[in-house]
Each structure stands twice: as C-alpha cells, then as structure tokens.
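File shown: model.tsv. Contents: TSV, C-alpha atoms and all ligand atoms.
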```
chain	number	residue	atom	x	y	z
A	1	MET	CA	143.75	59.41	165.67
A	2	LYS	CA	143.51	62.05	168.34
A	3	LEU	CA	145.84	65.03	168.32
A	4	ASP	CA	146.61	64.67	171.99
A	5	GLY	CA	150.40	65.00	171.93
A	6	LYS	CA	152.22	68.15	172.94
A	7	LYS	CA	154.62	68.16	170.00
A	8	LEU	CA	153.16	68.41	166.54
A	9	VAL	CA	154.79	69.11	163.18
A	10	ILE	CA	152.85	70.03	160.07
A	11	CYS	CA	154.07	69.21	156.58
A	12	GLY	CA	152.58	69.72	153.14
A	13	PHE	CA	153.17	71.50	149.85
A	14	MET	CA	153.74	75.24	149.49
A	15	GLY	CA	150.38	76.98	149.78
A	16	ALA	CA	148.69	74.15	151.73
A	17	GLY	CA	148.17	76.54	154.64
A	18	LYS	CA	150.65	75.02	157.11
A	19	THR	CA	151.20	78.30	158.92
A	20	THR	CA	147.52	79.27	159.13
A	21	PHE	CA	146.46	75.83	160.28
A	22	GLY	CA	149.48	75.51	162.59
A	23	ARG	CA	148.70	78.77	164.39
A	24	TRP	CA	145.06	77.74	164.79
A	25	ILE	CA	145.72	74.26	166.16
A	26	ALA	CA	148.44	75.60	168.48
A	27	TYR	CA	145.96	78.13	169.87
A	28	GLN	CA	143.28	75.46	170.32
A	29	LYS	CA	145.67	73.18	172.16
A	30	GLY	CA	147.33	75.93	174.23
A	31	LEU	CA	150.71	75.24	172.63
A	32	GLY	CA	153.34	77.54	171.17
A	33	PHE	CA	153.72	77.90	167.41
A	34	VAL	CA	156.87	78.16	165.32
A	35	ASP	CA	157.11	78.53	161.56
A	36	LEU	CA	160.45	77.10	160.44
A	37	ASP	CA	160.99	79.54	157.56
A	38	ALA	CA	160.04	82.55	159.70
A	39	LYS	CA	162.49	81.35	162.38
A	40	ILE	CA	165.28	81.04	159.80
A	41	GLU	CA	164.53	84.50	158.41
A	42	GLU	CA	164.47	86.02	161.87
A	43	GLU	CA	167.72	84.44	163.06
A	44	LYS	CA	169.65	84.86	159.81
A	45	CYS	CA	168.22	88.37	159.25
A	46	MET	CA	167.58	87.39	155.63
A	47	LEU	CA	164.56	86.43	153.59
A	48	ILE	CA	164.40	82.83	152.37
A	49	SER	CA	164.43	84.19	148.81
A	50	GLN	CA	167.67	86.10	149.57
A	51	ILE	CA	169.30	82.99	151.06
A	52	PHE	CA	168.46	81.06	147.88
A	53	GLU	CA	169.69	83.87	145.68
A	54	GLU	CA	172.94	84.58	147.48
A	55	PHE	CA	173.99	81.14	148.69
A	56	GLY	CA	171.93	78.66	146.65
A	57	GLU	CA	169.41	75.99	147.50
A	58	SER	CA	171.83	73.42	148.95
A	59	PHE	CA	173.05	75.98	151.52
A	60	PHE	CA	169.42	76.72	152.41
A	61	ARG	CA	168.79	72.99	152.88
A	62	GLU	CA	171.74	72.78	155.31
A	63	VAL	CA	170.42	75.72	157.29
A	64	GLU	CA	166.96	74.12	157.26
A	65	THR	CA	168.34	70.89	158.79
A	66	GLU	CA	170.34	72.83	161.38
A	67	PHE	CA	167.15	74.63	162.46
A	68	CYS	CA	165.13	71.39	162.49
A	69	LYS	CA	167.66	70.02	164.95
A	70	LYS	CA	167.13	73.04	167.23
A	71	LEU	CA	163.34	73.02	166.94
A	72	THR	CA	162.93	69.32	167.70
A	73	LYS	CA	164.22	70.08	171.21
A	74	MET	CA	161.26	72.36	171.91
A	75	GLU	CA	158.37	71.23	174.10
A	76	ASN	CA	154.66	72.08	173.93
A	77	VAL	CA	154.88	73.31	170.39
A	78	VAL	CA	153.36	73.09	166.95
A	79	ILE	CA	155.89	73.55	164.14
A	80	ALA	CA	155.13	74.27	160.48
A	81	VAL	CA	158.01	73.13	158.29
A	82	GLY	CA	158.66	74.19	154.68
A	83	GLY	CA	157.29	72.31	151.70
A	84	GLY	CA	160.71	70.81	150.97
A	85	THR	CA	161.87	70.07	154.52
A	86	PHE	CA	160.86	66.43	154.46
A	87	GLU	CA	162.60	65.76	151.16
A	88	ASN	CA	165.59	65.24	153.43
A	89	GLU	CA	165.09	61.94	155.25
A	90	ARG	CA	167.26	63.16	158.14
A	91	ASN	CA	164.71	65.84	158.94
A	92	ILE	CA	161.89	63.28	159.06
A	93	LEU	CA	163.95	61.04	161.34
A	94	MET	CA	164.64	63.92	163.71
A	95	PHE	CA	160.97	64.84	164.03
A	96	GLU	CA	159.42	61.40	164.10
A	97	LYS	CA	161.22	60.51	167.32
A	98	ASP	CA	158.83	62.46	169.49
A	99	PHE	CA	156.58	64.61	167.30
A	100	ASP	CA	153.26	63.66	165.75
A	101	ILE	CA	153.56	64.43	162.06
A	102	LEU	CA	150.48	65.81	160.34
A	103	PHE	CA	150.21	66.10	156.56
A	104	LEU	CA	148.00	68.94	155.39
A	105	TYR	CA	146.76	67.82	151.98
A	106	VAL	CA	145.39	70.41	149.59
A	107	SER	CA	145.03	69.84	145.82
A	108	PHE	CA	147.72	71.10	143.47
A	109	GLU	CA	145.37	73.61	141.82
A	110	THR	CA	144.48	75.16	145.17
A	111	CYS	CA	148.13	75.33	146.23
A	112	TYR	CA	149.09	76.77	142.86
A	113	SER	CA	146.40	79.45	142.95
A	114	ARG	CA	147.82	80.56	146.30
A	115	ILE	CA	151.52	80.46	145.45
A	116	LYS	CA	151.67	81.71	141.87
A	117	GLY	CA	153.33	85.09	141.69
A	118	SER	CA	154.73	84.73	145.22
A	119	ASP	CA	158.39	85.34	146.02
A	120	ARG	CA	159.03	81.67	146.85
A	121	PRO	CA	162.24	80.81	144.99
A	122	LEU	CA	160.98	77.52	143.56
A	123	VAL	CA	157.82	79.16	142.28
A	124	ALA	CA	159.82	81.85	140.52
A	125	ARG	CA	162.13	79.27	138.97
A	126	LEU	CA	159.81	76.42	137.95
A	127	THR	CA	157.00	76.20	135.41
A	128	LYS	CA	153.50	75.16	136.48
A	129	LYS	CA	154.13	71.70	135.00
A	130	GLN	CA	157.37	71.30	136.92
A	131	LEU	CA	155.70	72.41	140.13
A	132	GLN	CA	152.97	69.85	139.51
A	133	GLU	CA	155.59	67.12	139.12
A	134	LEU	CA	157.27	68.27	142.33
A	135	PHE	CA	153.88	68.22	144.04
A	136	LYS	CA	153.26	64.63	142.89
A	137	ARG	CA	156.66	63.43	144.03
A	138	ARG	CA	156.38	65.12	147.39
A	139	GLN	CA	152.95	63.68	148.17
A	140	LYS	CA	154.61	60.29	148.57
A	141	THR	CA	157.13	61.73	150.99
A	142	TYR	CA	154.53	63.52	153.07
A	143	LEU	CA	152.36	60.39	153.17
A	144	ARG	CA	155.25	58.21	154.23
A	145	ALA	CA	156.33	60.63	156.95
A	146	SER	CA	152.96	61.39	158.50
A	147	LYS	CA	150.69	59.67	161.00
A	148	ILE	CA	147.73	61.95	160.40
A	149	ILE	CA	146.37	63.38	157.15
A	150	LEU	CA	144.04	66.32	157.00
A	151	LYS	CA	142.48	66.63	153.55
A	152	GLU	CA	141.14	69.74	151.85
A	153	TRP	CA	140.66	71.61	155.11
A	154	GLU	CA	139.26	75.12	155.05
A	155	VAL	CA	139.43	77.83	157.64
A	156	ALA	CA	135.65	78.10	157.53
A	157	ASN	CA	135.27	74.43	158.48
A	158	ILE	CA	137.40	74.36	161.61
A	201	LIG	C1	160.10	75.42	149.88
A	201	LIG	C2	159.00	75.88	150.55
A	201	LIG	C3	158.99	77.14	151.29
A	201	LIG	C4	160.41	77.51	151.74
A	201	LIG	C5	161.34	77.49	150.57
A	201	LIG	C6	161.40	76.13	149.89
A	201	LIG	C7	159.98	74.15	149.13
A	201	LIG	O1	158.14	77.02	152.44
A	201	LIG	O2	160.87	76.63	152.72
A	201	LIG	O3	160.93	78.47	149.67
A	201	LIG	O4	161.02	73.55	148.79
A	201	LIG	O5	158.84	73.71	148.90
A	201	LIG	P1	156.53	76.98	152.36
A	201	LIG	O6	156.11	75.58	152.09
A	201	LIG	O7	156.12	77.43	153.72
A	201	LIG	O8	156.11	77.91	151.30
```
Structure translated into structure tokens:
Amino acid sequence: MKLDGKKLVICGFMGAGKTTFGRWIAYQKGLGFVDLDAKIEEEKCMLISQIFEEFGESFFREVETEFCKKLTKMENVVIAVGGGTFENERNILMFEKDFDILFLYVSFETCYSRIKGSDRPLVARLTKKQLQELFKRRQKTYLRASKIILKEWEVANI
C-alpha cells in the first residue's frame, strides 16, 4: 500500500511514537501535521492530565470526539490521535471516510519503557499489568481500524 493520500491519521498505543513519526511523514509528504492532544491542550489552555483530574476521563473523551470532528475537515494533513481515541467507534467512523488510517505498532515493552513515569493519566493510574491488558485489547481496535500497519519502526531506519 502506498501512502499517496493527502489525509493520513496515525493510531497506536501510548509511546508508539505517533507524534515523532507523524511529524516526519508529514514533512516528507509536504503536508501539515496536527497532534490531537496538543491541539486540545492549546485550545482548552489545559494539560490533558489537568482535564482528566478536574473533569474526569469521560469528559476528556467527549472533548476528544469534538476535536476529531473538527480535525477530519482539514485537508493536506497528517494527524496523530491519542492512544485511546479509536476506542470510540464514532471516531474511527469519522476518520475512515476520507483519511488513510495507519497503525504504528511497537511492542508493549518498548511502549512501556517510554511511558513509565510520564504524566499520562492512565499511566499514573494503572499498574504495568493493567496497561499490558489495555495494550492487548487496543491492538485489536487499531488493527480493525487501520489500512496500513507499520511495525517496530525506528527513527534510525526511516
Ligand atoms: C491516552 C493517550 C494519550 C492521551 C490521554 C489518553 C490513552 O495520548 O490522549 O492521556 O487513552 O491511551 P498518547 O497516546 O499520545 O500518549
């Protein structure tokens, strides 16, 4: 499969490198790049961790869907969504209409080594075992949603 479309969305677990890869591929293709979480933080003037803390996860998920709706209208863009964005089927449906969906697969251990100790709310709240279960469950979602899978990519290889 060639990445020849002008609208690409990247999904994958926390720590897979969606933002790093997204920026790189956007640059290579001469497209814009938007990170969903960064966009939410910028427009709401709050960190994702603060949104979770003050309003709870379900409120964050509503905001996430609202922003997905806005971002799907953009042209010539690569978007990196959050690790949990595609747990909501509505978000997949919105993107799959005219975006290519790429799943960035990285092993759980690699993701975990990158995210442990970070301020991501789910990382602070869940044990390693629980995160591993979440990882397993989400792989199925990412696989189902995506047209393209990039496995164990490394910055040095691209
Ligand atoms: C989340 C992943 C985070 C962020 C929020 C929830 C998740 O994004 O959206 O903390 O549910 O996996 P990253 O995947 O960019 O870390």
task: Would you mind listing what lies within 12 Å of Gln28 of chain A as number ranges by chain, with all atoms listed in the file counted and same-chain residues fewer than 2 positions away left out?
output: A: 3-4, 6, 21-26, 30-33, 77-78, 158
- request: Identify which of the residues A:Cys45, A:Met14, A:Cys111, A:Val34 lies closest to ligand LIG 201 (chain A), counting only C-alpha atoms and all ligand atoms when measuring atom-to-atom distances.
  value: A:Met14
- request: Considering all atoms listed in the file, return as a PyMOL selection string whatever protein or nucleic-acid residues lie within 10 Å of Ser107 of chain A, sequence-local ones (same chain, fewer than 4 positions apart) excluded.
  value: chain A and resi 13+15-16+111-112+135+151-152
All residues 8 Å or closer to Arg61 of chain A, only C-alpha atoms, same chain fewer than 4 positions away omitted, as a VMD selection string: chain A and resid 57 65 85
message: Please report the interatomic distance between atom CA of Leu8 of chain A and atom CA of Asp100 of chain A in Å with one decimal.
response: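 Those two atoms sit 4.8 Å apart.
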- request: Dump the neighbourhood of ligand LIG 201 (chain A) as a PyMOL selection string: all residues within 9 Å, distances computed on all atoms listed in the file.
  value: chain A and resi 11-19+35-38+48-49+52+57+60-61+64+80-85+87+115+119-123+134-135
Listed atoms of segment 51-68 of chain A, axis-aligned box, 5 Å per side: centre and edge lengths to one decimal in Å, as JSON?
```
{"center_x": 169.6, "center_y": 77.7, "center_z": 154.1, "size_x": 18.9, "size_y": 23.7, "size_z": 26.8}
```
message: What's the separation between atom CA of Phe86 of chain A and atom CA of Ala145 of chain A, in Å to one decimal place?
response: 7.8 Å
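Between atom CA of Gly117 of chain A and atom CA of Ser146 of chain A there is a distance of 29.1 Å.
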Can you find the residues with an atom no farther than 10 Å from (149.1, 61.4, 148.1), counting all atoms listed in the file, and report them as an mmCIF file with C-alpha atoms, in the frame of the given file?
```
data_model
loop_
_atom_site.group_PDB
_atom_site.id
_atom_site.type_symbol
_atom_site.label_atom_id
_atom_site.label_comp_id
_atom_site.auth_asym_id
_atom_site.auth_seq_id
_atom_site.Cartn_x
_atom_site.Cartn_y
_atom_site.Cartn_z
ATOM 1 C CA PHE A 103 150.210 66.100 156.560
ATOM 2 C CA TYR A 105 146.760 67.820 151.980
ATOM 3 C CA VAL A 106 145.390 70.410 149.590
ATOM 4 C CA SER A 107 145.030 69.840 145.820
ATOM 5 C CA PHE A 135 153.880 68.220 144.040
ATOM 6 C CA LYS A 136 153.260 64.630 142.890
ATOM 7 C CA ARG A 137 156.660 63.430 144.030
ATOM 8 C CA ARG A 138 156.380 65.120 147.390
ATOM 9 C CA GLN A 139 152.950 63.680 148.170
ATOM 10 C CA LYS A 140 154.610 60.290 148.570
ATOM 11 C CA THR A 141 157.130 61.730 150.990
ATOM 12 C CA TYR A 142 154.530 63.520 153.070
ATOM 13 C CA LEU A 143 152.360 60.390 153.170
ATOM 14 C CA ARG A 144 155.250 58.210 154.230
ATOM 15 C CA ILE A 149 146.370 63.380 157.150
#
```
- request: Anything within 10 Å of (162.5, 70.7, 168.6): list those residues as a ChimeraX atom specification, counting only C-alpha atoms and sticking to the file's coordinates.
  value: /A:7-9,34,67-79,94-95,98-99
